[in-house]
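Peer 1: Pasting my_file-v4.cif here (mmCIF, C-alpha atoms):
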```cif
data_query
#
loop_
_atom_site.label_atom_id
_atom_site.label_comp_id
_atom_site.auth_asym_id
_atom_site.auth_seq_id
_atom_site.Cartn_x
_atom_site.Cartn_y
_atom_site.Cartn_z
CA MET M 1 8.46 -32.19 -35.90
CA LYS M 2 6.87 -32.35 -32.46
CA PHE M 3 7.74 -30.08 -29.56
CA MET M 4 6.84 -29.15 -26.02
CA HIS M 5 6.96 -25.49 -24.93
CA ILE M 6 7.49 -24.80 -21.21
CA ALA M 7 8.29 -21.63 -19.29
CA ASP M 8 8.40 -20.21 -15.77
CA VAL M 9 9.00 -23.47 -13.94
CA HIS M 10 10.69 -21.60 -11.06
CA LEU M 11 12.60 -24.54 -9.60
CA GLY M 12 13.82 -23.58 -6.13
CA ALA M 13 10.84 -21.36 -5.35
CA VAL M 14 9.11 -21.81 -1.99
CA PRO M 15 5.55 -20.59 -2.53
CA ASP M 16 3.53 -19.42 0.47
CA THR M 17 6.54 -19.06 2.75
CA GLY M 18 5.43 -19.38 6.36
CA CYS M 19 2.45 -21.62 5.57
CA PRO M 20 2.54 -25.25 6.75
CA TRP M 21 2.52 -26.57 3.18
CA ALA M 22 5.32 -24.33 1.83
CA GLU M 23 8.11 -26.92 1.74
CA GLN M 24 5.83 -29.49 0.14
CA ARG M 25 4.88 -26.98 -2.55
CA SER M 26 8.58 -26.46 -3.30
CA LYS M 27 9.04 -30.21 -3.83
CA GLU M 28 5.90 -30.39 -5.97
CA ILE M 29 7.41 -27.96 -8.49
CA TRP M 30 10.37 -30.29 -9.09
CA GLU M 31 8.10 -33.33 -9.25
CA ALA M 32 5.79 -31.70 -11.78
CA PHE M 33 8.74 -30.77 -14.01
CA TYR M 34 10.14 -34.30 -13.91
CA GLU M 35 6.72 -35.71 -14.80
CA VAL M 36 6.56 -33.42 -17.83
CA LEU M 37 10.02 -34.59 -18.94
CA ASP M 38 8.80 -38.19 -18.69
CA THR M 39 5.82 -37.22 -20.82
CA ALA M 40 8.14 -35.68 -23.43
CA LYS M 41 9.97 -38.98 -23.76
CA ALA M 42 6.78 -41.06 -23.78
CA GLU M 43 5.23 -38.83 -26.46
CA ASN M 44 8.40 -38.99 -28.62
CA VAL M 45 8.70 -35.22 -28.89
CA ASP M 46 11.72 -33.89 -30.78
CA PHE M 47 12.25 -30.76 -28.67
CA VAL M 48 11.49 -29.34 -25.23
CA PHE M 49 11.75 -25.54 -25.42
CA ILE M 50 12.18 -23.80 -22.04
CA ALA M 51 11.46 -20.09 -22.47
CA GLY M 52 13.10 -18.65 -19.35
CA ASP M 53 12.89 -18.84 -15.55
CA LEU M 54 13.61 -22.54 -15.32
CA PHE M 55 14.88 -21.57 -11.86
CA HIS M 56 13.45 -19.06 -9.44
CA ARG M 57 16.96 -17.74 -8.73
CA ALA M 58 20.54 -18.53 -9.68
CA PRO M 59 20.81 -22.35 -9.81
CA LEU M 60 23.12 -24.29 -7.53
CA LEU M 61 25.70 -26.65 -9.02
CA ARG M 62 24.15 -29.70 -7.39
CA GLU M 63 20.77 -28.72 -8.85
CA LEU M 64 22.20 -28.46 -12.37
CA LYS M 65 23.86 -31.87 -11.99
CA GLU M 66 20.59 -33.47 -10.94
CA LEU M 67 18.72 -31.73 -13.73
CA ASN M 68 21.31 -32.73 -16.31
CA TYR M 69 20.93 -36.36 -15.27
CA ARG M 70 17.20 -36.10 -15.91
CA PHE M 71 17.75 -34.41 -19.28
CA ALA M 72 20.20 -37.10 -20.37
CA GLY M 73 17.64 -39.73 -19.40
CA ILE M 74 15.13 -38.58 -22.03
CA LYS M 75 17.44 -38.79 -25.07
CA PRO M 76 16.98 -38.43 -28.00
CA VAL M 77 14.68 -35.56 -26.97
CA ARG M 78 16.52 -32.26 -27.42
CA ILE M 79 16.22 -29.53 -24.77
CA VAL M 80 16.78 -25.86 -25.61
CA ILE M 81 16.96 -23.41 -22.68
CA MET M 82 17.18 -19.66 -22.22
CA ALA M 83 17.68 -17.83 -18.90
CA GLY M 84 14.93 -15.41 -17.89
CA ASN M 85 14.85 -12.52 -15.48
CA HIS M 86 14.77 -14.69 -12.34
CA ASP M 87 17.67 -17.00 -13.28
CA TYR M 88 19.57 -14.40 -15.35
CA LEU M 89 23.24 -14.84 -16.20
CA ARG M 90 25.03 -13.17 -13.31
CA HIS M 91 28.81 -12.94 -13.58
CA ASP M 92 29.13 -15.98 -11.29
CA SER M 93 26.20 -17.96 -12.70
CA ARG M 94 26.73 -21.72 -12.79
CA TYR M 95 24.93 -21.67 -16.12
CA LEU M 96 27.99 -20.11 -17.79
CA SER M 97 30.45 -22.91 -17.07
CA PHE M 98 28.22 -25.94 -16.74
CA GLU M 99 28.71 -28.79 -19.23
CA TRP M 100 25.33 -30.09 -20.30
CA SER M 101 24.43 -33.44 -21.76
CA GLU M 102 24.80 -33.61 -25.56
CA ASN M 103 21.02 -33.30 -26.03
CA VAL M 104 20.89 -29.94 -24.21
CA SER M 105 21.48 -26.52 -25.78
CA PHE M 106 21.70 -23.33 -23.70
CA PHE M 107 21.84 -19.71 -24.85
CA LYS M 108 24.79 -18.25 -22.92
CA SER M 109 24.54 -14.54 -23.70
CA GLN M 110 22.14 -11.68 -24.28
CA LYS M 111 23.15 -11.61 -27.93
CA MET M 112 20.65 -13.27 -30.27
CA GLU M 113 21.80 -16.68 -31.55
CA CYS M 114 20.40 -19.25 -33.94
CA LEU M 115 20.77 -23.00 -33.48
CA HIS M 116 20.30 -25.18 -36.56
CA PHE M 117 19.13 -28.76 -36.06
CA THR M 118 19.64 -30.36 -39.46
CA GLN M 119 17.85 -33.65 -38.89
CA GLU M 120 14.68 -31.95 -37.68
CA LYS M 121 14.96 -29.12 -40.25
CA THR M 122 14.53 -26.70 -37.37
CA TYR M 123 16.10 -23.33 -36.55
CA VAL M 124 15.80 -22.13 -32.94
CA TYR M 125 16.54 -18.48 -32.10
CA GLY M 126 17.10 -17.10 -28.62
CA LEU M 127 19.15 -15.28 -26.03
CA SER M 128 19.42 -15.18 -22.23
CA TYR M 129 18.92 -12.35 -19.77
CA GLU M 130 22.11 -10.88 -18.31
CA ASN M 131 20.20 -8.62 -15.91
CA PHE M 132 17.05 -8.89 -13.86
CA GLU M 133 15.52 -5.96 -15.73
CA ILE M 134 15.86 -5.18 -19.45
CA GLU M 135 13.95 -2.18 -20.79
CA THR M 136 15.16 -2.59 -24.39
CA PRO M 137 12.73 -4.28 -26.84
CA LEU M 138 15.15 -7.01 -27.94
CA TYR M 139 12.71 -8.93 -30.16
CA ASP M 140 11.01 -6.21 -32.19
CA HIS M 141 13.48 -6.13 -35.08
CA ILE M 142 14.70 -9.72 -35.42
CA ARG M 143 13.80 -11.82 -38.44
CA PRO M 144 14.37 -15.50 -39.22
CA PHE M 145 16.81 -16.62 -41.90
CA GLN M 146 15.36 -17.22 -45.34
CA GLU M 147 16.04 -20.94 -45.17
CA GLU M 148 13.68 -23.86 -45.65
CA GLY M 149 12.56 -25.38 -42.36
CA CYS M 150 10.75 -24.53 -39.14
CA HIS M 151 11.87 -21.29 -37.48
CA ILE M 152 11.13 -20.98 -33.75
CA LEU M 153 11.90 -18.10 -31.42
CA LEU M 154 12.32 -18.42 -27.65
CA ALA M 155 11.32 -15.12 -26.03
CA HIS M 156 10.92 -14.05 -22.41
CA GLY M 157 9.28 -10.80 -21.38
CA GLY M 158 6.42 -8.57 -22.39
CA ASP M 159 6.25 -5.77 -19.82
CA SER M 160 7.97 -2.38 -19.54
CA THR M 161 10.94 -3.59 -17.45
CA HIS M 162 11.36 -7.12 -18.81
CA VAL M 163 11.91 -6.76 -22.57
CA PRO M 164 8.88 -4.85 -23.91
CA ILE M 165 7.37 -6.71 -26.87
CA ASN M 166 5.26 -5.37 -29.71
CA MET M 167 3.08 -8.47 -30.09
CA LYS M 168 1.65 -7.56 -33.48
CA LYS M 169 5.07 -6.81 -34.92
CA LEU M 170 6.44 -10.09 -33.56
CA SER M 171 3.50 -12.03 -35.03
CA GLU M 172 4.36 -10.58 -38.46
CA SER M 173 8.13 -11.14 -38.22
CA GLY M 174 8.14 -14.43 -40.12
CA PHE M 175 8.72 -16.98 -37.35
CA ASP M 176 6.66 -20.14 -37.54
CA TYR M 177 6.21 -19.99 -33.77
CA ALA M 178 7.28 -17.80 -30.84
CA ALA M 179 7.58 -19.79 -27.59
CA MET M 180 7.15 -17.17 -24.89
CA GLY M 181 7.70 -16.92 -21.16
CA HIS M 182 7.40 -14.48 -18.24
CA ILE M 183 3.61 -14.14 -18.12
CA HIS M 184 2.29 -16.86 -15.81
CA LYS M 185 -1.17 -17.17 -17.37
CA PRO M 186 -1.26 -19.31 -20.55
CA ALA M 187 -2.35 -17.61 -23.78
CA ILE M 188 -2.23 -18.74 -27.42
CA MET M 189 -2.23 -15.72 -29.75
CA TYR M 190 -2.38 -14.78 -33.43
CA ASP M 191 -3.78 -18.09 -34.68
CA GLY M 192 -1.16 -20.06 -32.77
CA LYS M 193 1.87 -18.23 -34.17
CA MET M 194 2.93 -17.27 -30.66
CA ALA M 195 1.98 -18.32 -27.15
CA TYR M 196 2.71 -17.89 -23.49
CA SER M 197 2.74 -21.36 -21.99
CA GLY M 198 2.23 -19.81 -18.56
CA ALA M 199 3.86 -21.07 -15.38
CA LEU M 200 4.11 -24.86 -15.43
CA VAL M 201 2.44 -24.95 -12.01
CA PRO M 202 1.10 -22.01 -9.99
CA ILE M 203 3.88 -20.18 -8.14
CA ASP M 204 2.07 -17.24 -6.57
CA ARG M 205 -1.34 -17.09 -4.88
CA ASN M 206 -2.49 -14.83 -7.74
CA ASP M 207 -1.65 -17.56 -10.31
CA THR M 208 -5.24 -18.73 -10.51
CA GLY M 209 -6.70 -21.02 -13.15
CA GLU M 210 -5.17 -23.93 -15.04
CA HIS M 211 -1.43 -24.21 -15.63
CA GLY M 212 0.64 -26.49 -17.84
CA TYR M 213 2.53 -26.44 -21.14
CA ILE M 214 2.06 -26.15 -24.89
CA MET M 215 2.31 -29.19 -27.15
CA GLY M 216 3.04 -28.30 -30.76
CA THR M 217 3.64 -29.92 -34.14
CA TRP M 218 5.08 -28.66 -37.42
CA ASP M 219 3.87 -30.48 -40.53
CA GLY M 220 6.30 -28.82 -42.93
CA THR M 221 4.12 -25.80 -43.60
CA ALA M 222 2.56 -24.59 -40.34
CA VAL M 223 2.68 -25.05 -36.57
CA GLN M 224 -0.32 -26.37 -34.66
CA THR M 225 -0.47 -25.92 -30.88
CA GLN M 226 -2.54 -27.15 -27.95
CA PHE M 227 -2.45 -26.20 -24.27
CA VAL M 228 -2.04 -29.21 -21.97
CA PRO M 229 -2.98 -28.66 -18.30
CA VAL M 230 -0.88 -30.20 -15.53
CA GLN M 231 -3.06 -31.69 -12.83
CA GLY M 232 -2.29 -30.66 -9.27
CA ARG M 233 -2.89 -27.87 -6.83
CA GLN M 234 -4.48 -24.63 -7.93
CA TYR M 235 -4.85 -21.27 -6.25
CA ILE M 236 -8.55 -20.55 -5.97
CA HIS M 237 -10.15 -17.27 -4.92
CA PHE M 238 -13.75 -17.12 -3.74
CA THR M 239 -15.93 -14.49 -2.09
CA VAL M 240 -18.12 -14.72 1.01
CA VAL M 241 -20.82 -12.05 0.67
CA MET M 242 -22.06 -10.96 4.08
CA ASP M 243 -24.95 -8.80 5.27
CA GLY M 244 -25.61 -7.15 8.59
CA ARG M 245 -27.69 -10.10 9.80
CA MET M 246 -25.23 -12.91 9.01
CA PRO M 247 -23.51 -14.34 12.09
CA TRP M 248 -19.81 -15.15 11.83
CA GLY M 249 -20.48 -18.88 12.12
CA MET M 250 -22.58 -18.78 8.95
CA ALA M 251 -19.74 -17.10 7.05
CA VAL M 252 -17.33 -19.80 8.25
CA ASP M 253 -19.76 -22.56 7.22
CA PHE M 254 -20.13 -21.03 3.74
CA ALA M 255 -16.34 -20.91 3.33
CA ALA M 256 -16.06 -24.54 4.45
CA GLU M 257 -18.64 -25.59 1.85
CA GLU M 258 -16.72 -23.79 -0.92
CA ILE M 259 -13.45 -25.47 0.06
CA ALA M 260 -15.17 -28.87 0.14
CA LYS M 261 -16.66 -28.20 -3.31
CA TYR M 262 -13.33 -27.39 -4.96
CA GLY M 263 -11.20 -29.87 -2.98
CA ASN M 264 -8.93 -29.82 0.05
CA GLN M 265 -5.79 -30.15 -2.10
CA HIS M 266 -6.07 -26.61 -3.45
CA ILE M 267 -4.87 -23.36 -1.84
CA TYR M 268 -7.38 -20.61 -1.16
CA LYS M 269 -7.74 -16.87 -0.88
CA ILE M 270 -11.04 -15.91 0.78
CA ILE M 271 -12.48 -12.46 0.13
CA LEU M 272 -15.03 -11.17 2.64
CA SER M 273 -17.34 -8.55 1.14
CA GLY M 274 -20.63 -6.81 1.88
CA PHE M 275 -21.74 -5.54 5.29
CA ARG M 276 -21.22 -6.96 8.75
CA ASP M 277 -22.75 -6.37 12.15
CA PRO M 278 -20.58 -3.64 13.72
CA ASP M 279 -20.43 -5.67 16.96
CA MET M 280 -19.38 -8.89 15.23
CA GLU M 281 -16.12 -10.48 16.33
CA MET M 282 -14.51 -11.93 13.19
CA ASP M 283 -12.36 -14.90 14.23
CA LEU M 284 -10.18 -15.13 11.12
CA GLU M 285 -8.10 -17.91 12.66
CA GLN M 286 -11.22 -20.08 12.65
CA MET M 287 -11.47 -19.59 8.90
CA TYR M 288 -7.76 -20.22 8.36
CA ARG M 289 -8.15 -23.60 10.06
CA LEU M 290 -10.59 -24.78 7.38
CA GLY M 291 -7.74 -25.97 5.13
CA ASN M 292 -5.03 -24.55 2.92
CA VAL M 293 -6.11 -20.93 3.33
CA ALA M 294 -3.22 -18.66 2.34
CA GLU M 295 -4.99 -15.31 2.71
CA ILE M 296 -8.23 -13.76 3.94
CA GLU M 297 -9.00 -10.28 2.62
CA ASP M 298 -11.60 -8.33 4.57
CA ARG M 299 -13.48 -5.91 2.33
CA THR M 300 -16.59 -5.70 4.52
CA GLU M 301 -18.05 -2.50 5.90
CA PRO M 302 -19.92 -2.18 9.22
CA ASP M 303 -23.69 -2.17 8.75
CA TYR M 304 -24.42 0.86 10.92
CA ASP M 305 -27.97 1.83 11.90
CA PHE M 306 -27.54 5.51 11.08
CA ASP M 307 -30.92 6.52 12.57
CA ALA M 308 -30.16 4.83 15.89
CA LEU M 309 -26.64 6.25 15.96
CA TYR M 310 -27.96 9.76 15.29
CA ALA M 311 -30.66 9.48 17.96
CA ALA M 312 -28.08 8.38 20.54
CA ASN M 313 -25.44 10.94 19.54
CA ARG M 314 -27.32 14.00 18.25
CA ASP M 315 -25.51 16.29 20.75
CA ASN M 316 -21.93 15.13 20.04
CA VAL M 317 -19.53 14.98 17.11
CA ILE M 318 -20.94 11.65 15.81
CA GLY M 319 -24.44 13.07 15.52
CA MET M 320 -23.14 16.29 13.99
CA TYR M 321 -21.18 14.25 11.41
CA ILE M 322 -24.23 12.19 10.41
CA GLN M 323 -26.35 15.34 10.08
CA LYS M 324 -23.74 17.15 7.96
CA VAL M 325 -23.18 14.22 5.59
CA ARG M 326 -26.91 13.61 5.12
CA ALA M 327 -27.32 17.25 4.12
CA LEU M 328 -24.66 17.08 1.40
CA PRO M 329 -25.87 17.57 -2.24
CA ALA M 330 -24.53 14.18 -3.36
CA GLU M 331 -25.83 10.78 -4.49
CA GLN M 332 -27.02 8.50 -1.71
CA GLU M 333 -24.34 5.90 -2.50
CA SER M 334 -21.59 8.48 -2.09
CA LYS M 335 -23.11 9.75 1.16
CA ASN M 336 -23.37 6.21 2.51
CA LYS M 337 -19.68 5.64 1.79
CA ALA M 338 -18.81 8.88 3.57
CA LEU M 339 -20.93 7.81 6.54
CA TYR M 340 -19.34 4.33 6.71
CA TYR M 341 -15.74 5.53 6.54
CA GLY M 342 -16.24 8.59 8.72
CA LEU M 343 -18.12 6.72 11.44
CA LYS M 344 -15.57 3.93 11.38
CA ALA M 345 -12.86 6.48 12.14
CA LEU M 346 -14.89 8.32 14.78
CA LEU M 347 -16.11 5.20 16.57
CA GLN M 348 -12.64 3.69 16.71
#
```
Take the structure from the file and write it as structure tokens.

Peer 2:
Amino acid sequence: MKFMHIADVHLGAVPDTGCPWAEQRSKEIWEAFYEVLDTAKAENVDFVFIAGDLFHRAPLLRELKELNYRFAGIKPVRIVIMAGNHDYLRHDSRYLSFEWSENVSFFKSQKMECLHFTQEKTYVYGLSYENFEIETPLYDHIRPFQEEGCHILLAHGGDSTHVPINMKKLSESGFDYAAMGHIHKPAIMYDGKMAYSGALVPIDRNDTGEHGYIMGTWDGTAVQTQFVPVQGRQYIHFTVVMDGRMPWGMAVDFAAEEIAKYGNQHIYKIILSGFRDPDMEMDLEQMYRLGNVAEIEDRTEPDYDFDALYAANRDNVIGMYIQKVRALPAEQESKNKALYYGLKALLQ
């Protein structure tokens, strides 16, 4: 039996709202998902398991119709879906009344169910969220049936407000594989007995690194898994380390070189660190214009000449502050921090 494990697709999300590329990113999520469905058919997989948050919010009827058409087009591949915390089963959810294609199975309640697929000798266990937050550990005490075949659990959660999970206990529960969602970074755990596939594509600017899905096989005794990256945009963070002598133009040039190295298709967060000339004018808009820069975080501190400041201000509060801090019985690093933050406040 061959399967594909996907989670956290977040169809309908508009990443980086307000940025020029936001609408295109929203379309790219749909396109990436359709490409993966085409791969499932081309690779002759038996199942596509979707472990929650297929949608970023409650799906619209027209979206389900379009999706159902795509699902029907990859028969005989079977699709098994659970709702996660983002697309949970509200009382008016379209999920509850929608009629899926015959190759699609959907868990329609928060009560644990088991689906038995005789031909593939596969049992699939799962449930769907009925609320955005669930603090009850729903998976800690479930066990598979004592029946011959492959037993797979779909699970979504893993933090204190979205179904806490005791990972060790789940790994020892007897399932051949736990297909997990909610955590956006991929991770294969406990010798492949359980895995977070991660978000199919990056949704948030903190979703750094590779994203994709898990491809798995069951040979009648054990499950083997492999992470498959999806090519496309990534969120990349890099740091520009400054010193008091670096002009702003040099910092901009360094950032431009980093963006050129990684590629203009990606989306960037630039972190400015170190020390800057206190008189420097930092034109952040100039750096934003380098490409798809979603955020610039300024962590720099002014590189004050404490001796010159003291000499020029020995008879006022600035000079008194420098003298008092320098006399403190503390490590030099701590005193420097006190000088930087205090002088910043006084000089402003």

Peer 1: Find the spatial neighbours of range 131-148 of chain M, counting all atoms listed in the file, within a cut-off of 7 Å - ignore same-chain residues fewer than 3 positions away - and output them as a list in words.

Peer 2: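 Counting only the stated atoms, we get Asn85, His86, Tyr88, Leu89, His151, Ser160, Thr161, His162, Val163, Pro164, Ile165, Asn166, Lys169, Leu170, Ser173, Gly174 and Phe175 of chain M.
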
Peer 1: With the PyMOL selection byres ((chain M and resi 195) around 8) as the selection, what would be picked from this file? Answer as number ranges by chain, please.

Peer 2: M: 178-180, 186-189, 192-194, 196-197

Peer 1: CA of Ile203 in chain M and CA of Lys111 in chain M, how far apart in Å?

Peer 2: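 These atoms are spaced 28.9 Å apart.
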
Peer 1: For the structure provided, state which residues fall under the PyMOL selection byres ((chain M and resi 25) around 10), and present them as a short mmCIF file (atom, residue, chain, number, x, y, z; two decimals) with C-alpha atoms, in the frame of the given file.

Peer 2:
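To be explicit, this is the file written out as result.cif:
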```cif
data_model
loop_
_atom_site.label_atom_id
_atom_site.label_comp_id
_atom_site.auth_asym_id
_atom_site.auth_seq_id
_atom_site.Cartn_x
_atom_site.Cartn_y
_atom_site.Cartn_z
CA ALA M 13 10.84 -21.36 -5.35
CA VAL M 14 9.11 -21.81 -1.99
CA PRO M 15 5.55 -20.59 -2.53
CA ASP M 16 3.53 -19.42 0.47
CA THR M 17 6.54 -19.06 2.75
CA PRO M 20 2.54 -25.25 6.75
CA TRP M 21 2.52 -26.57 3.18
CA ALA M 22 5.32 -24.33 1.83
CA GLU M 23 8.11 -26.92 1.74
CA GLN M 24 5.83 -29.49 0.14
CA SER M 26 8.58 -26.46 -3.30
CA LYS M 27 9.04 -30.21 -3.83
CA GLU M 28 5.90 -30.39 -5.97
CA ILE M 29 7.41 -27.96 -8.49
CA TRP M 30 10.37 -30.29 -9.09
CA GLU M 31 8.10 -33.33 -9.25
CA VAL M 201 2.44 -24.95 -12.01
CA PRO M 202 1.10 -22.01 -9.99
CA ILE M 203 3.88 -20.18 -8.14
CA ARG M 233 -2.89 -27.87 -6.83
#
```

Peer 1: How many Å lie between CA of Ala72 in chain M and CA of Glu130 in chain M, rounded to one decimal?

Peer 2: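 Between CA of Ala72 in chain M and CA of Glu130 in chain M the gap is 26.4 Å.
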
Peer 1: Got a sec to check which residues sit within 12 Å of (-7.3, -32.4, -2.3), counting all atoms listed in the file, and write them as a list in words?

Peer 2: Gln231, Gly232, Arg233, Gln234, Ile259, Ala260, Lys261, Tyr262, Gly263, Asn264, Gln265, His266, Ile267, Tyr268, Gly291 and Asn292 of chain M

Peer 1: By how many Å are CA of Met112 in chain M and CA of Ile50 in chain M apart?

Peer 2: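 Atom-to-atom, CA of Met112 in chain M to CA of Ile50 in chain M, that is 15.8 Å.
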
Peer 1: Could you state which residues are captured by the PyMOL selection byres ((chain M and resi 80) around 6) in this file, as a list in words?

Peer 2: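 Applying the PyMOL selection byres ((chain M and resi 80) around 6) to the structure shown produces Phe49, Ile79, Ile81, Val104, Ser105 and Phe106 of chain M.
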
Peer 1: Give me the residues near range 113-118 of chain M as an mmCIF file with C-alpha atoms, keeping the file's coordinate frame, where near means some atom within 10 Å (using all atoms listed in the file) and where sequence neighbours in that chain fewer than 2 positions away do not count.

Peer 2:
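Dumped everything to out-v7.cif:
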```cif
data_model
loop_
_atom_site.group_PDB
_atom_site.id
_atom_site.type_symbol
_atom_site.label_atom_id
_atom_site.label_comp_id
_atom_site.auth_asym_id
_atom_site.auth_seq_id
_atom_site.Cartn_x
_atom_site.Cartn_y
_atom_site.Cartn_z
ATOM 1 C CA ARG M 78 16.520 -32.260 -27.420
ATOM 2 C CA VAL M 80 16.780 -25.860 -25.610
ATOM 3 C CA SER M 105 21.480 -26.520 -25.780
ATOM 4 C CA PHE M 106 21.700 -23.330 -23.700
ATOM 5 C CA PHE M 107 21.840 -19.710 -24.850
ATOM 6 C CA LYS M 108 24.790 -18.250 -22.920
ATOM 7 C CA SER M 109 24.540 -14.540 -23.700
ATOM 8 C CA GLN M 110 22.140 -11.680 -24.280
ATOM 9 C CA LYS M 111 23.150 -11.610 -27.930
ATOM 10 C CA GLU M 120 14.680 -31.950 -37.680
ATOM 11 C CA LYS M 121 14.960 -29.120 -40.250
ATOM 12 C CA THR M 122 14.530 -26.700 -37.370
ATOM 13 C CA TYR M 123 16.100 -23.330 -36.550
ATOM 14 C CA VAL M 124 15.800 -22.130 -32.940
ATOM 15 C CA TYR M 125 16.540 -18.480 -32.100
ATOM 16 C CA GLY M 126 17.100 -17.100 -28.620
ATOM 17 C CA LEU M 127 19.150 -15.280 -26.030
ATOM 18 C CA SER M 128 19.420 -15.180 -22.230
ATOM 19 C CA PRO M 144 14.370 -15.500 -39.220
ATOM 20 C CA PHE M 145 16.810 -16.620 -41.900
ATOM 21 C CA GLY M 149 12.560 -25.380 -42.360
ATOM 22 C CA CYS M 150 10.750 -24.530 -39.140
ATOM 23 C CA HIS M 151 11.870 -21.290 -37.480
ATOM 24 C CA ILE M 152 11.130 -20.980 -33.750
ATOM 25 C CA LEU M 153 11.900 -18.100 -31.420
#
```

Peer 1: Quick one: residues within 12 Å of range 326-329 of chain M, only C-alpha atoms counted, chain neighbours fewer than 6 positions away excluded, as a PyMOL selection string?

Peer 2: chain M and resi 306-307+310+319-320+335-339

Peer 1: Quick one: write out the picked residues with C-alpha atoms as a CSV table (one decimal), in the frame of the given file?

Peer 2:
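So selection35.csv came out as:
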```
chain,number,residue,atom,x,y,z
M,306,PHE,CA,-27.5,5.5,11.1
M,307,ASP,CA,-30.9,6.5,12.6
M,310,TYR,CA,-28.0,9.8,15.3
M,319,GLY,CA,-24.4,13.1,15.5
M,320,MET,CA,-23.1,16.3,14.0
M,335,LYS,CA,-23.1,9.8,1.2
M,336,ASN,CA,-23.4,6.2,2.5
M,337,LYS,CA,-19.7,5.6,1.8
M,338,ALA,CA,-18.8,8.9,3.6
M,339,LEU,CA,-20.9,7.8,6.5
```

Peer 1: Between M:Pro302, M:Lys2, M:Ile236, M:Ala312, which one has atoms that come closest to Gly342 in chain M, using all atoms listed in the file?

Peer 2: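 Using all atoms listed in the file, Gly342 in chain M sits closest to M:Pro302.
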
Peer 1: Using all atoms listed in the file - which residues lie no farther than 7 Å from the point (-9.5, -13.6, 2.2) in the file's frame? Write them as an MDAnalysis selection string.

Peer 2: chainID M and resid 269:272 295:298

Peer 1: Looking at M:Tyr304, M:Phe47, M:Phe3, M:Trp100, which one is nearest to Tyr69 in chain M, with distances taken over only C-alpha atoms?

Peer 2: M:Trp100

Peer 1: Which residue, M:Val48, M:Ala255, M:Met82, M:Leu67, has the smallest gap to His5 in chain M when you use only C-alpha atoms?

Peer 2: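 Among the listed residues, M:Val48 lies closest to His5 in chain M.
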
Peer 1: What lies within 9 Å of Asp8 in chain M using all atoms listed in the file, ignoring chain neighbours under 5 positions off, as a list in words?

Peer 2: Ile50, Ala51, Gly52, Asp53, Leu54, Phe55, His56, Gly84, Gly181, His182, Ile183, His184, Ser197, Gly198, Ala199, Leu200, Val201 and Ile203 of chain M

Peer 1: Could those selected residues go to a file with C-alpha atoms, as a PDB file, in the frame of the given file?

Peer 2:
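See part-v6.pdb below for the written result:
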```
ATOM      1  CA  ILE M  50      12.180 -23.800 -22.040  1.00  0.00           C
ATOM      2  CA  ALA M  51      11.460 -20.090 -22.470  1.00  0.00           C
ATOM      3  CA  GLY M  52      13.100 -18.650 -19.350  1.00  0.00           C
ATOM      4  CA  ASP M  53      12.890 -18.840 -15.550  1.00  0.00           C
ATOM      5  CA  LEU M  54      13.610 -22.540 -15.320  1.00  0.00           C
ATOM      6  CA  PHE M  55      14.880 -21.570 -11.860  1.00  0.00           C
ATOM      7  CA  HIS M  56      13.450 -19.060  -9.440  1.00  0.00           C
ATOM      8  CA  GLY M  84      14.930 -15.410 -17.890  1.00  0.00           C
ATOM      9  CA  GLY M 181       7.700 -16.920 -21.160  1.00  0.00           C
ATOM     10  CA  HIS M 182       7.400 -14.480 -18.240  1.00  0.00           C
ATOM     11  CA  ILE M 183       3.610 -14.140 -18.120  1.00  0.00           C
ATOM     12  CA  HIS M 184       2.290 -16.860 -15.810  1.00  0.00           C
ATOM     13  CA  SER M 197       2.740 -21.360 -21.990  1.00  0.00           C
ATOM     14  CA  GLY M 198       2.230 -19.810 -18.560  1.00  0.00           C
ATOM     15  CA  ALA M 199       3.860 -21.070 -15.380  1.00  0.00           C
ATOM     16  CA  LEU M 200       4.110 -24.860 -15.430  1.00  0.00           C
ATOM     17  CA  VAL M 201       2.440 -24.950 -12.010  1.00  0.00           C
ATOM     18  CA  ILE M 203       3.880 -20.180  -8.140  1.00  0.00           C
TER      19      ILE M 203
END
```
